[in-house]
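**Student:** To be precise about what I am sending: the file is called entry_33.cif and holds mmCIF, C-alpha atoms.
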```cif
data_run
loop_
_atom_site.label_atom_id
_atom_site.label_comp_id
_atom_site.auth_asym_id
_atom_site.auth_seq_id
_atom_site.Cartn_x
_atom_site.Cartn_y
_atom_site.Cartn_z
CA MET A 1 15.61 -12.54 14.72
CA THR A 2 12.86 -10.14 15.70
CA THR A 3 9.22 -10.91 14.94
CA ALA A 4 8.28 -7.25 14.48
CA PRO A 5 9.99 -3.94 13.75
CA ALA A 6 10.43 -2.14 17.08
CA HIS A 7 8.77 1.26 16.71
CA ASP A 8 6.79 1.77 19.90
CA ALA A 9 8.28 5.19 20.70
CA MET A 10 7.83 6.36 17.14
CA ASP A 11 4.28 5.05 16.91
CA THR A 12 3.16 7.28 19.79
CA ALA A 13 5.14 10.36 18.75
CA LEU A 14 4.09 13.71 17.40
CA VAL A 15 6.23 15.64 14.97
CA ARG A 16 7.15 19.31 14.73
CA ILE A 17 8.17 20.64 11.34
CA THR A 18 9.45 24.08 10.50
CA GLY A 19 8.65 24.64 6.84
CA GLY A 20 10.20 26.73 4.12
CA HIS A 21 13.31 24.61 3.45
CA PRO A 22 13.73 23.32 -0.13
CA LEU A 23 14.27 19.55 -0.02
CA SER A 24 17.23 18.30 -2.04
CA GLY A 25 19.52 15.27 -1.92
CA ARG A 26 19.70 11.53 -2.44
CA ILE A 27 17.78 8.86 -0.50
CA PRO A 28 16.74 5.21 -0.94
CA VAL A 29 13.16 4.09 -1.52
CA GLN A 30 11.85 1.29 0.70
CA GLY A 31 10.37 -1.96 -0.51
CA SER A 32 6.72 -1.55 -1.43
CA LYS A 33 4.34 -1.72 1.52
CA ASN A 34 1.38 -2.83 -0.55
CA ILE A 35 3.30 -5.45 -2.54
CA ALA A 36 4.99 -6.82 0.58
CA LEU A 37 1.72 -7.30 2.48
CA HIS A 38 0.38 -9.50 -0.32
CA LEU A 39 3.63 -11.43 -0.58
CA TYR A 40 3.50 -12.18 3.16
CA ALA A 41 0.21 -14.00 2.51
CA ALA A 42 1.57 -15.78 -0.57
CA ALA A 43 4.54 -17.04 1.44
CA LEU A 44 2.11 -19.10 3.55
CA LEU A 45 1.51 -21.30 0.49
CA ALA A 46 5.14 -22.43 0.22
CA ASP A 47 6.16 -25.88 1.45
CA VAL A 48 9.70 -24.78 2.29
CA PRO A 49 11.08 -21.54 3.80
CA VAL A 50 10.71 -18.20 1.99
CA ALA A 51 12.86 -15.08 2.43
CA LEU A 52 11.49 -11.75 1.17
CA THR A 53 14.37 -9.31 0.89
CA GLY A 54 13.88 -5.55 0.84
CA ALA A 55 10.76 -5.87 3.00
CA PRO A 56 9.70 -2.50 4.43
CA ASN A 57 10.50 -1.72 8.07
CA ILE A 58 6.91 -0.77 8.95
CA THR A 59 4.41 -1.62 11.67
CA ASP A 60 2.28 -3.71 9.29
CA SER A 61 5.26 -6.02 8.62
CA GLY A 62 5.41 -6.79 12.32
CA VAL A 63 1.66 -7.34 12.57
CA CYS A 64 1.72 -9.74 9.61
CA ALA A 65 4.64 -11.66 11.14
CA GLN A 66 2.59 -12.13 14.30
CA ILE A 67 -0.46 -13.23 12.29
CA LEU A 68 1.59 -15.82 10.44
CA CYS A 69 3.10 -17.08 13.70
CA HIS A 70 -0.40 -17.52 15.09
CA THR A 71 -1.15 -19.92 12.21
CA GLY A 72 1.82 -22.02 13.30
CA ALA A 73 4.38 -20.76 10.81
CA ARG A 74 7.72 -19.37 11.91
CA ALA A 75 7.79 -15.80 10.65
CA GLY A 76 9.90 -12.80 11.47
CA TYR A 77 11.44 -9.57 10.27
CA ASP A 78 15.13 -8.77 10.65
CA ASP A 79 17.20 -6.10 8.90
CA GLY A 80 14.99 -5.80 5.83
CA CYS A 81 14.31 -9.53 5.41
CA PHE A 82 10.91 -11.09 6.12
CA THR A 83 11.20 -14.87 6.53
CA VAL A 84 8.50 -17.52 6.65
CA SER A 85 8.99 -21.23 7.45
CA PRO A 86 5.95 -23.48 6.95
CA ALA A 87 4.09 -25.00 9.88
CA GLY A 88 3.82 -28.73 10.43
CA VAL A 89 0.22 -28.20 11.47
CA ILE A 90 -1.55 -25.02 10.38
CA CYS A 91 -4.00 -23.31 12.73
CA PRO A 92 -6.95 -22.41 10.46
CA ALA A 93 -7.58 -18.97 11.93
CA ILE A 94 -6.42 -15.39 11.57
CA HIS A 95 -5.84 -13.87 15.00
CA PRO A 96 -9.03 -11.91 15.79
CA GLU A 97 -7.27 -8.82 17.18
CA LEU A 98 -4.25 -8.71 14.89
CA GLY A 99 -6.42 -9.29 11.84
CA ARG A 100 -8.32 -6.09 12.54
CA ARG A 101 -5.10 -4.07 12.31
CA VAL A 102 -4.33 -4.62 8.61
CA ARG A 103 -6.21 -4.33 5.33
CA THR A 104 -5.01 -7.68 3.89
CA THR A 105 -6.82 -9.88 6.44
CA ALA A 106 -9.03 -11.49 3.78
CA VAL A 107 -5.97 -12.21 1.60
CA LEU A 108 -4.20 -13.87 4.53
CA ALA A 109 -7.39 -15.85 5.18
CA ALA A 110 -7.47 -16.99 1.54
CA ALA A 111 -3.94 -18.36 1.94
CA VAL A 112 -4.95 -20.32 5.06
CA LEU A 113 -8.09 -21.61 3.34
CA ALA A 114 -5.99 -22.73 0.38
CA ARG A 115 -3.72 -24.72 2.71
CA THR A 116 -6.26 -26.21 5.12
CA GLY A 117 -9.70 -26.06 3.49
CA GLN A 118 -11.04 -23.93 6.32
CA VAL A 119 -10.44 -20.60 8.02
CA THR A 120 -11.92 -18.20 10.56
CA PHE A 121 -11.02 -14.54 10.31
CA PRO A 122 -12.14 -11.11 11.54
CA TYR A 123 -13.24 -8.23 9.35
CA PRO A 124 -10.22 -6.29 8.07
CA GLY A 125 -8.92 -3.13 9.69
CA GLY A 126 -6.38 -0.59 8.53
CA ASP A 127 -7.35 2.73 6.99
CA ALA A 128 -11.04 3.63 7.12
CA PHE A 129 -11.35 6.65 4.82
CA CYS A 130 -14.43 5.00 3.24
CA PRO A 131 -16.28 1.64 3.34
CA ARG A 132 -14.03 -1.03 1.79
CA LEU A 133 -15.97 -4.19 1.02
CA ILE A 134 -14.65 -7.76 0.88
CA ASP A 135 -17.54 -9.29 -1.05
CA ARG A 136 -15.29 -10.25 -3.99
CA HIS A 137 -12.90 -12.04 -1.62
CA ILE A 138 -15.85 -14.02 -0.24
CA ALA A 139 -17.07 -14.74 -3.78
CA ALA A 140 -13.66 -16.24 -4.62
CA MET A 141 -13.79 -18.44 -1.51
CA GLN A 142 -17.29 -19.62 -2.40
CA ALA A 143 -16.29 -20.29 -6.00
CA ALA A 144 -13.41 -22.41 -4.67
CA GLY A 145 -15.93 -24.63 -2.86
CA ALA A 146 -16.15 -23.03 0.57
CA GLU A 147 -19.32 -22.50 2.52
CA VAL A 148 -18.99 -19.01 4.00
CA VAL A 149 -20.83 -17.84 7.13
CA THR A 150 -20.63 -14.26 8.38
CA ASP A 151 -21.70 -12.74 11.67
CA ALA A 152 -20.94 -9.65 13.74
CA THR A 153 -17.56 -10.98 14.91
CA GLY A 154 -16.13 -12.24 11.66
CA ILE A 155 -16.23 -14.81 8.86
CA ARG A 156 -15.95 -18.61 8.70
CA ALA A 157 -15.20 -20.48 5.49
CA ARG A 158 -15.01 -24.26 5.12
CA CYS A 159 -14.69 -26.67 2.19
CA ASP A 160 -16.49 -30.01 2.51
CA ALA A 161 -13.56 -31.94 1.07
CA ARG A 162 -11.06 -29.97 3.16
CA ARG A 163 -9.55 -28.78 -0.10
CA VAL A 164 -10.26 -25.89 -2.45
CA ARG A 165 -11.28 -26.77 -6.00
CA ALA A 166 -10.60 -25.16 -9.38
CA PHE A 167 -13.04 -22.36 -10.11
CA THR A 168 -14.03 -19.34 -12.15
CA VAL A 169 -14.67 -16.01 -10.43
CA ASP A 170 -15.25 -12.41 -11.51
CA VAL A 171 -13.43 -9.87 -9.30
CA SER A 172 -14.79 -6.71 -10.90
CA THR A 173 -16.52 -4.00 -8.87
CA PRO A 174 -18.35 -0.78 -9.82
CA TYR A 175 -15.01 0.99 -9.28
CA GLY A 176 -12.88 -1.39 -11.34
CA PRO A 177 -11.14 -4.71 -10.62
CA SER A 178 -10.54 -5.53 -6.96
CA LEU A 179 -6.81 -5.72 -6.32
CA GLY A 180 -7.13 -7.62 -3.06
CA ALA A 181 -9.74 -10.07 -4.35
CA THR A 182 -7.58 -10.80 -7.39
CA VAL A 183 -4.74 -11.81 -5.05
CA SER A 184 -7.10 -13.84 -2.84
CA ALA A 185 -8.37 -15.72 -5.89
CA LEU A 186 -4.80 -16.19 -7.14
CA LEU A 187 -3.74 -17.76 -3.82
CA LEU A 188 -6.77 -20.04 -3.70
CA ALA A 189 -6.21 -21.17 -7.29
CA SER A 190 -2.54 -21.90 -6.63
CA ARG A 191 -3.48 -24.80 -4.33
CA ALA A 192 -6.56 -26.06 -6.22
CA HIS A 193 -6.57 -29.17 -8.44
CA GLY A 194 -6.91 -28.08 -12.06
CA THR A 195 -6.94 -24.68 -13.72
CA SER A 196 -8.91 -21.72 -12.40
CA LEU A 197 -9.94 -18.56 -14.24
CA ILE A 198 -10.09 -15.09 -12.66
CA THR A 199 -12.06 -12.78 -14.94
CA HIS A 200 -11.62 -9.00 -15.04
CA PRO A 201 -8.51 -9.25 -12.82
CA SER A 202 -6.59 -6.30 -11.45
CA ILE A 203 -3.21 -5.78 -13.11
CA GLU A 204 -1.78 -3.64 -10.32
CA PRO A 205 1.87 -4.35 -9.43
CA GLU A 206 0.67 -6.02 -6.22
CA VAL A 207 -1.01 -8.65 -8.40
CA SER A 208 1.74 -9.00 -11.01
CA GLU A 209 4.45 -9.32 -8.34
CA THR A 210 2.45 -11.94 -6.40
CA ALA A 211 1.89 -13.83 -9.66
CA ARG A 212 5.61 -13.64 -10.44
CA PHE A 213 6.45 -14.90 -6.95
CA LEU A 214 4.16 -17.91 -7.41
CA ALA A 215 5.27 -18.58 -10.99
CA GLU A 216 8.90 -18.71 -9.90
CA ARG A 217 7.83 -21.35 -7.36
CA GLY A 218 6.14 -23.66 -9.81
CA VAL A 219 2.59 -22.33 -10.15
CA LEU A 220 1.49 -21.91 -13.77
CA VAL A 221 0.03 -18.40 -14.23
CA HIS A 222 -1.06 -16.96 -17.57
CA LEU A 223 -2.90 -13.72 -18.44
CA ASP A 224 -4.85 -13.35 -21.69
CA GLU A 225 -8.02 -11.67 -22.93
CA GLU A 226 -10.18 -14.10 -20.91
CA GLY A 227 -8.48 -13.26 -17.63
CA LEU A 228 -5.92 -14.79 -15.30
CA HIS A 229 -5.47 -18.56 -15.69
CA VAL A 230 -3.91 -20.35 -12.71
CA SER A 231 -3.01 -24.07 -12.58
CA GLY A 232 -2.76 -25.24 -8.99
CA SER A 233 0.05 -27.26 -7.48
CA ASP A 234 0.34 -29.72 -4.58
CA TRP A 235 3.83 -28.45 -3.81
CA ILE A 236 5.09 -24.85 -3.94
CA ALA A 237 8.77 -24.07 -3.66
CA GLY A 238 10.37 -21.48 -1.41
CA GLY A 239 13.59 -19.51 -1.70
CA THR A 240 14.41 -15.81 -1.91
CA PHE A 241 12.36 -13.08 -3.58
CA ALA A 242 13.04 -9.33 -3.63
CA VAL A 243 10.24 -6.87 -2.82
CA ALA A 244 9.99 -4.18 -5.52
CA GLY A 245 10.53 -0.52 -4.67
CA ASP A 246 7.60 1.44 -3.27
CA ARG A 247 6.17 3.63 -6.05
CA ILE A 248 3.89 5.38 -3.52
CA GLU A 249 6.77 6.39 -1.24
CA ALA A 250 8.78 7.48 -4.28
CA ALA A 251 5.92 9.67 -5.51
CA THR A 252 5.52 11.11 -2.01
CA MET A 253 9.18 12.16 -1.93
CA VAL A 254 8.96 13.67 -5.42
CA MET A 255 5.91 15.71 -4.44
CA ALA A 256 7.43 16.83 -1.14
CA ALA A 257 10.51 18.08 -2.98
CA ALA A 258 8.40 19.84 -5.62
CA ALA A 259 6.14 21.50 -3.04
CA THR A 260 9.22 23.05 -1.41
CA GLY A 261 10.98 23.99 -4.66
CA GLY A 262 13.67 21.32 -4.37
CA SER A 263 14.87 18.21 -6.20
CA VAL A 264 15.50 14.61 -5.22
CA HIS A 265 17.53 11.58 -6.34
CA LEU A 266 15.83 8.28 -5.46
CA ASP A 267 17.52 4.87 -5.35
CA ASN A 268 15.74 1.49 -5.72
CA ILE A 269 13.20 2.91 -8.17
CA THR A 270 13.14 4.06 -11.80
CA VAL A 271 10.85 6.32 -13.83
CA THR A 272 9.33 3.26 -15.51
CA ASP A 273 8.11 2.07 -12.09
CA PHE A 274 5.75 5.07 -11.97
CA PRO A 275 2.32 4.23 -13.46
CA ALA A 276 1.54 6.22 -16.59
CA GLY A 277 -1.24 8.22 -14.90
CA LEU A 278 1.06 9.24 -12.06
CA ALA A 279 3.94 10.15 -14.36
CA ARG A 280 1.57 12.21 -16.51
CA ALA A 281 0.13 14.12 -13.52
CA LEU A 282 3.62 14.97 -12.25
CA ALA A 283 4.75 16.04 -15.72
CA ASP A 284 1.64 18.19 -16.13
CA ALA A 285 2.55 19.87 -12.84
CA GLY A 286 5.97 20.80 -14.26
CA ILE A 287 8.11 18.05 -12.68
CA THR A 288 10.82 16.44 -14.79
CA MET A 289 11.81 12.85 -13.96
CA ILE A 290 14.75 11.02 -15.56
CA ASN A 291 16.61 7.79 -14.89
CA ASP A 292 20.16 8.27 -13.66
CA PRO A 293 22.95 6.27 -15.37
CA SER A 294 24.47 5.67 -11.92
CA GLY A 295 21.22 4.10 -10.70
CA GLY A 296 17.82 5.24 -9.53
CA MET A 297 16.13 8.38 -10.82
CA GLN A 298 16.09 12.14 -10.42
CA ALA A 299 13.08 14.43 -10.10
CA ARG A 300 13.22 18.18 -10.39
CA LEU A 301 10.75 21.06 -10.59
CA CYS A 302 12.01 23.06 -13.56
CA GLU A 303 9.48 25.90 -13.31
CA ALA A 304 6.64 27.08 -11.11
CA LEU A 305 4.16 24.34 -10.23
CA ARG A 306 1.26 24.17 -12.67
CA PRO A 307 -2.34 23.11 -11.88
CA VAL A 308 -3.46 19.61 -12.85
CA GLU A 309 -6.71 17.93 -13.78
CA THR A 310 -6.52 14.18 -13.20
CA ALA A 311 -8.38 11.15 -11.88
CA THR A 312 -7.39 8.08 -9.93
CA GLY A 313 -8.08 4.66 -11.40
CA PRO A 314 -6.88 1.10 -11.78
CA HIS A 315 -3.29 0.57 -12.94
CA PRO A 316 -1.78 2.21 -14.94
CA ALA A 317 -3.88 5.25 -13.99
CA LEU A 318 -3.07 7.59 -11.10
CA PRO A 319 -2.88 5.44 -7.90
CA THR A 320 -5.48 6.44 -5.34
CA ASP A 321 -2.79 6.22 -2.64
CA THR A 322 -1.03 9.24 -4.18
CA ALA A 323 -4.09 11.50 -4.46
CA PRO A 324 -3.91 13.09 -0.96
CA GLN A 325 -0.20 13.93 -1.38
CA LEU A 326 -0.89 15.33 -4.85
CA ALA A 327 -3.58 17.61 -3.43
CA ALA A 328 -1.13 18.91 -0.83
CA MET A 329 1.50 19.66 -3.47
CA LEU A 330 -1.05 21.38 -5.73
CA THR A 331 -1.78 23.97 -3.04
CA GLN A 332 1.44 25.54 -4.36
CA ALA A 333 0.41 25.42 -8.04
CA GLY A 334 -0.78 28.51 -9.85
CA GLY A 335 -4.41 27.95 -10.74
CA SER A 336 -7.26 25.49 -10.19
CA SER A 337 -6.61 21.76 -9.94
CA VAL A 338 -9.12 18.90 -9.96
CA ILE A 339 -8.60 15.34 -8.69
CA ASP A 340 -11.44 12.88 -9.26
CA GLU A 341 -11.48 9.73 -7.09
CA ARG A 342 -12.56 6.72 -9.18
CA VAL A 343 -11.24 3.79 -7.14
CA TYR A 344 -13.28 4.38 -3.97
CA PRO A 345 -16.61 6.18 -3.48
CA ARG A 346 -14.67 9.09 -1.97
CA ARG A 347 -11.30 9.88 -0.43
CA ASP A 348 -11.22 13.23 1.34
CA THR A 349 -10.00 12.69 4.91
CA HIS A 350 -7.00 14.91 4.13
CA VAL A 351 -9.15 17.90 3.16
CA PRO A 352 -9.97 19.29 6.65
CA GLY A 353 -6.33 19.04 7.70
CA LEU A 354 -5.10 20.87 4.62
CA ARG A 355 -7.70 23.60 5.20
CA GLY A 356 -6.17 24.06 8.64
CA PHE A 357 -2.93 25.08 6.91
CA GLY A 358 -4.89 27.66 4.93
CA ALA A 359 -5.32 25.63 1.75
CA ASP A 360 -8.12 26.58 -0.64
CA ILE A 361 -9.44 23.03 -1.06
CA THR A 362 -12.95 21.59 -1.27
CA ALA A 363 -14.47 18.14 -1.57
CA ASP A 364 -17.66 17.56 -3.54
CA GLY A 365 -18.50 13.87 -3.50
CA SER A 366 -15.61 12.11 -5.19
CA THR A 367 -14.07 15.33 -6.57
CA ILE A 368 -11.33 17.34 -4.85
CA ARG A 369 -10.70 20.90 -6.05
CA VAL A 370 -7.58 22.85 -5.13
CA ARG A 371 -6.85 26.49 -5.91
CA GLY A 372 -3.35 27.90 -5.56
CA PRO A 373 -0.80 29.06 -5.00
CA VAL A 374 -1.61 29.61 -1.32
CA ARG A 375 0.88 30.69 1.30
CA LEU A 376 0.35 27.97 3.87
CA ARG A 377 0.86 28.69 7.56
CA GLY A 378 2.09 26.43 10.32
CA THR A 379 -0.62 24.83 12.41
CA GLU A 380 -1.55 21.83 14.56
CA ALA A 381 -3.02 18.91 12.63
CA GLU A 382 -3.93 15.25 12.99
CA ALA A 383 -4.86 12.62 10.42
CA ALA A 384 -6.51 9.23 10.70
CA ASP A 385 -4.96 7.29 7.81
CA ILE A 386 -1.59 6.72 6.16
CA ARG A 387 -1.84 8.88 3.05
CA ALA A 388 -3.74 11.71 4.75
CA VAL A 389 -1.01 12.15 7.37
CA THR A 390 1.56 12.19 4.56
CA ALA A 391 -0.38 14.96 2.83
CA LEU A 392 -0.22 16.98 6.05
CA LEU A 393 3.55 16.45 6.22
CA ILE A 394 3.92 17.88 2.71
CA ALA A 395 1.80 20.90 3.68
CA ALA A 396 3.90 21.45 6.80
CA LEU A 397 7.12 21.29 4.77
CA ALA A 398 5.78 23.96 2.40
CA ALA A 399 4.24 26.17 5.11
CA ASP A 400 5.62 29.25 6.83
CA GLY A 401 6.37 28.66 10.50
CA THR A 402 6.22 25.54 12.65
CA SER A 403 3.56 22.84 12.54
CA THR A 404 2.73 20.03 14.95
CA ILE A 405 1.33 16.84 13.43
CA ARG A 406 -0.22 13.95 15.30
CA GLY A 407 -1.11 10.55 13.87
CA MET A 408 2.41 9.20 13.37
CA PHE A 409 1.07 5.74 14.21
CA HIS A 410 -0.56 5.76 10.79
CA LEU A 411 2.64 6.96 9.11
CA ARG A 412 4.58 4.06 10.64
CA ARG A 413 2.13 1.59 9.12
CA GLY A 414 3.25 2.56 5.63
CA TYR A 415 6.60 4.35 5.74
CA GLY A 416 9.66 2.90 7.45
CA HIS A 417 12.09 5.80 7.17
CA LEU A 418 10.14 8.73 5.76
CA LEU A 419 10.96 11.22 8.53
CA PRO A 420 14.72 10.45 8.61
CA ASN A 421 14.77 10.64 4.81
CA LEU A 422 13.07 14.03 4.86
CA ALA A 423 15.63 15.21 7.40
CA THR A 424 18.41 13.98 5.11
CA LEU A 425 16.91 16.12 2.35
CA GLY A 426 17.03 19.20 4.61
CA ALA A 427 13.70 19.20 6.43
CA GLU A 428 13.70 20.68 9.94
CA ILE A 429 11.92 17.93 11.88
CA THR A 430 11.71 17.18 15.61
CA THR A 431 10.09 14.01 16.94
CA ILE A 432 8.48 14.29 20.36
CA PRO A 433 7.50 11.04 22.16
CA GLY A 434 4.14 10.79 23.88
CA GLY A 435 1.64 12.07 21.31
CA ARG A 436 -0.56 10.02 19.05
#
```
Will you turn the file into structure tokens for me?
**Tutor:**
Amino acid sequence: MTTAPAHDAMDTALVRITGGHPLSGRIPVQGSKNIALHLYAAALLADVPVALTGAPNITDSGVCAQILCHTGARAGYDDGCFTVSPAGVICPAIHPELGRRVRTTAVLAAAVLARTGQVTFPYPGGDAFCPRLIDRHIAAMQAAGAEVVTDATGIRARCDARRVRAFTVDVSTPYGPSLGATVSALLLASRAHGTSLITHPSIEPEVSETARFLAERGVLVHLDEEGLHVSGSDWIAGGTFAVAGDRIEAATMVMAAAATGGSVHLDNITVTDFPAGLARALADAGITMINDPSGGMQARLCEALRPVETATGPHPALPTDTAPQLAAMLTQAGGSSVIDERVYPRRDTHVPGLRGFGADITADGSTIRVRGPVRLRGTEAEAADIRAVTALLIAALAADGTSTIRGMFHLRRGYGHLLPNLATLGAEITTIPGGR
């Protein structure tokens, strides 16, 4: 067994893409990155081994395996399966360097706190396209009975009785329910005596899949108009659980195909897995998506791309993680498109890179405006987060000439096989080791 996907050469590569080739064909969709990262934390609660099948072959899977091993658990990734065996004695700390490499550090810390009554952890890392607060995570820890102390290096949480207690916590923010804090509260409540209530919870698939994982292992979880009710358990079962298909990767492939005038058949995902806001935006752009009787789904651009006015938001609205790719695709739509960001204060790190391709795109606060169609031209570009670099890939695929894109390290954090899949669909891609 390996403890981490081996991607070192890929992580430091740059990519050359010659655009202008319509993408068409059939490819599988990986297990969801965002769902898997939360399940890795939930697996720490189990008293017997857990196997998560269909786990994505990404850098973050390897980092999380190392973090779990540092707590004393046996964790590893091998051929699409992420396994966790519980520790006899749990180290109540998230590794200070590894914890700064992923966004789910506070969720992992909540799992350790739930098991041991104490935890030390660094501030989260991952993408930094805007400030991303963890105050609701801390509020859940405090509600569960922990005294929380913060300083420049990180956070310490400790329960007097060495055990979390049942609690009530509100995980809402000015931008809607906090997905991560909902999962943190869910994990804490799963080990608390009594029934806890999480008010204004997120209902994103990351939350519902984590709740399903715990419910199948004996934790009582119920959602009603009051919120999410969780009855804790002293013993949580293990076993096998399949990671759902990645709706963000699926949407990325659909938009890449549409931007190049092609079509795609995706396995391990269905049309119903697309949130309503995402499905509506793609339909408004002129993309038809249907389930295939043989499995999976098909997506096809049946006419010229049309402009779209849409906004990101909590599930089932347009996922914020698809907004940069959508902007790249809409550079090829005839007319003016508007994408409002309503999950984060702003999300526009992809805008300068797309301008480098010749896109007519502007950012005004939380609003992105795109005017098309524009004949993009090959260029050199670099992005500093996962979805921004994916937006640049879509622009390069649609552009005339050859582009060079750096920042593949970020791509590897979220997409296990995106470049090979694009090549399977007909993209002309060359990977060159040594860039970053």
**Student:** Translate the PyMOL selection byres ((chain A and resi 335) around 6) into a concrete residue list for this structure, as a PyMOL selection string.
**Tutor:** chain A and resi 307+334+336+371-372
**Student:** Take the selection from the previous step and output its residues with C-alpha atoms, as a PDB file, in the frame of the given file.
**Tutor:**
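selection-v6.pdb was written with the following content:
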```pdb
ATOM      1  CA  PRO A 307      -2.340  23.110 -11.880  1.00  0.00           C
ATOM      2  CA  GLY A 334      -0.780  28.510  -9.850  1.00  0.00           C
ATOM      3  CA  SER A 336      -7.260  25.490 -10.190  1.00  0.00           C
ATOM      4  CA  ARG A 371      -6.850  26.490  -5.910  1.00  0.00           C
ATOM      5  CA  GLY A 372      -3.350  27.900  -5.560  1.00  0.00           C
TER       6      GLY A 372
END
```
**Student:** At a cut-off of 9 Å from (8.0, 21.5, -6.1) in the coordinates of the file, what residues are picked up using all atoms listed in the file, written as a PyMOL selection string?
**Tutor:** chain A and resi 22-23+254-263+285-287+300-305+329+332-333
**Student:** Report as a Markdown table the residues of stretch 296-376 of chain A within 8 Å of stretch 181-205 of chain A, each with its shortest atom pair and distance in Å (one decimal), using all atoms listed in the file, ordered by chain and increasing residue number.
**Tutor:**
```
| residue | atom | partner | partner_atom | distance |
| --- | --- | --- | --- | --- |
| A:Pro314 | CA | A:Glu204 | CA | 7.1 |
| A:His315 | CA | A:Glu204 | CA | 5.2 |
| A:Pro316 | CA | A:Glu204 | CA | 7.5 |
```
**Student:** Apply the PyMOL selection byres ((chain A and resi 139) around 12) to the file shown and report the selected residues as JSON, numbers by chain.
**Tutor:** {"A": [106, 110, 133, 134, 135, 136, 137, 138, 140, 141, 142, 143, 144, 145, 146, 147, 148, 149, 157, 167, 168, 169, 170, 171, 172, 173, 178, 181, 182, 184, 185, 188, 198]}
**Student:** Return the single residue from A:Val50, A:Ile339, A:Val112, A:Ala42 that is closest to A:Ala311, with distances computed using all atoms listed in the file.
**Tutor:**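 Using all atoms listed in the file, the shortest distance to A:Ala311 belongs to A:Ile339.
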**Student:** Since the input lacks atoms, please generate N, CA and C atoms for stretch 210-224 of chain A and provide them as a CSV table (one decimal), keeping the file's coordinate frame.
**Tutor:**
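Written file, result.csv:
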```csv
chain,number,residue,atom,x,y,z
A,210,THR,N,2.9,-10.7,-7.1
A,210,THR,CA,2.4,-11.9,-6.4
A,210,THR,C,2.4,-13.1,-7.4
A,211,ALA,N,1.9,-12.8,-8.6
A,211,ALA,CA,1.9,-13.8,-9.7
A,211,ALA,C,3.3,-14.3,-10.0
A,212,ARG,N,4.2,-13.3,-10.1
A,212,ARG,CA,5.6,-13.6,-10.4
A,212,ARG,C,6.2,-14.5,-9.3
A,213,PHE,N,6.0,-14.1,-8.1
A,213,PHE,CA,6.4,-14.9,-7.0
A,213,PHE,C,6.0,-16.4,-7.1
A,214,LEU,N,4.7,-16.6,-7.3
A,214,LEU,CA,4.2,-17.9,-7.4
A,214,LEU,C,4.7,-18.6,-8.6
A,215,ALA,N,4.8,-17.9,-9.8
A,215,ALA,CA,5.3,-18.6,-11.0
A,215,ALA,C,6.7,-19.1,-10.8
A,216,GLU,N,7.5,-18.3,-10.1
A,216,GLU,CA,8.9,-18.7,-9.9
A,216,GLU,C,9.0,-19.9,-9.0
A,217,ARG,N,7.9,-20.2,-8.3
A,217,ARG,CA,7.8,-21.4,-7.4
A,217,ARG,C,7.0,-22.5,-7.9
A,218,GLY,N,6.7,-22.5,-9.2
A,218,GLY,CA,6.1,-23.7,-9.8
A,218,GLY,C,4.7,-23.6,-10.1
A,219,VAL,N,4.0,-22.5,-9.8
A,219,VAL,CA,2.6,-22.3,-10.2
A,219,VAL,C,2.5,-21.8,-11.6
A,220,LEU,N,1.7,-22.4,-12.4
A,220,LEU,CA,1.5,-21.9,-13.8
A,220,LEU,C,0.5,-20.8,-13.8
A,221,VAL,N,0.9,-19.6,-14.2
A,221,VAL,CA,0.0,-18.4,-14.2
A,221,VAL,C,0.1,-17.8,-15.6
A,222,HIS,N,-1.0,-17.5,-16.2
A,222,HIS,CA,-1.1,-17.0,-17.6
A,222,HIS,C,-2.2,-15.9,-17.7
A,223,LEU,N,-1.9,-14.8,-18.2
A,223,LEU,CA,-2.9,-13.7,-18.4
A,223,LEU,C,-3.2,-13.6,-19.9
A,224,ASP,N,-4.5,-13.6,-20.3
A,224,ASP,CA,-4.8,-13.4,-21.7
A,224,ASP,C,-6.2,-12.6,-21.7
```
